[in-house]
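Notes to accompany the following structure.
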Amino acid sequence: MTMSPDSTELDLSYFGQSGRRNELVFSSDAGGRTFLSRQSVSYPFHICRPMYVEQDPPGMATLYVQSTGAGLLQHDDLYTKVSVEAGAQVHLTTGAQTIVHSMDEGHASQMMDVEVAEDGFIEYVPEPLILFPDSRLRSVTHITAHERARVISVDAFLPHDYTGGEGIFEWFEGELLVLRPDGRLVAHDRFHFNGNVLREQLPGVNREFMMQASVIALDPEMACESLVSTLRTTLDGVPGIYAGTTGLRGGAGTWTRLLACDGVALRAGLNKAWQAAHEHLTAMKAVPRRR
């Protein structure tokens, strides 16, 4: 990935050179029902038919993205492009966790590139990444959202040694970039985790918290103060996590970082954060999706 430390421009041509691309366009029909108007899907991606949940906002589609592969392998390079057109609403998720396999050389990379038009709404809530020992992954989420768009985006990871030992991933590099269509910066987060450092559970670094998630919510009403308060109160009541929430510049939304000591706590914290953001943006109770 070619990007200077102070730049907010990603060279998207870095991703998807392998041809493993998943491109989806969501549109709204005359009755306000969201449908998948265009798709271009290659291996290993598999797209299910959109579903409609009765308790969701009227017309909102739920789509599961699945993989016909075994997870992310060394040298894998996956690119997903999602366009949410004006008035369309979609809950985009995965059917299961994504395994990042052990690697002898190189690394894997994945890119989620999202565009949301005026009055569009996307909830991108994938299951967590599972990092196997000696894995290396670069994961980027790039969101371009209109000022009148609503967005919830989640990313999460947890390490796991399938042998039952104390093996750990080598490194995991993540980036979230949120822009307006004219290029104005809303949020930019970068991190690089070294597995061996994480495994030491150092005070002031991560202690017993080996798992992590981030949740960003964009609110076109610029009413993020109440959501910040709600998220802080809600997450304070979840055992096994350490979480913090702050408002984005200009009241554009909220950003939450969540650390967890185990997978149960991670899932509980993520569900609580997503549900709170969903209720704030839609004034409707969130309906958990089946896996």
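Labeling convention for the structure tokens: chains A, B, ... as they appear, residues from 1 per chain, ligands from 1 in order of appearance.
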Can you pull out the residues contacting Val116 (chain A)? Cut-off 10 Å, using only C-alpha atoms, and skip same-chain residues under 3 positions away; I want them as number ranges by chain. A: 26, 82-89, 119-122, 143-151, 180-181
Looking only at the backbone, which of the residues in region 35-267 of chain A does DSSP tag as strand (DSSP E), as a PyMOL selection string? chain A and resi 35-41+45-47+61-67+77-84+89-94+98-100+108-116+121-124+129-131+136-145+150-159+171-179+185-194+211-218+241-247+253-260
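Shortest atom-to-atom contact with His91 (chain A) among A:Tyr79, A:Tyr43, A:Phe35, A:Phe169: A:Phe35, counting only C-alpha atoms.
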Against region 92-101 of chain A, which residues of region 163-251 of chain A fall within 12 Å? For each one I want the closest pair of atoms and the distance in Å (one decimal), counting only C-alpha atoms, rows by chain and increasing residue number, as a tab-separated table.
residue	atom	partner	partner_atom	distance
A:Ile168	CA	A:His101	CA	11.2
A:Phe169	CA	A:Val100	CA	9.1
A:Glu170	CA	A:His101	CA	11.2
A:Trp171	CA	A:Val100	CA	11.3
A:Phe172	CA	A:Val100	CA	10.2
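In terms of minimum interatomic distance to Val264 (chain A), A:Pro128 ranks closest within A:Pro128, A:Asp155, A:Glu23, A:Ala61, counting only C-alpha atoms.
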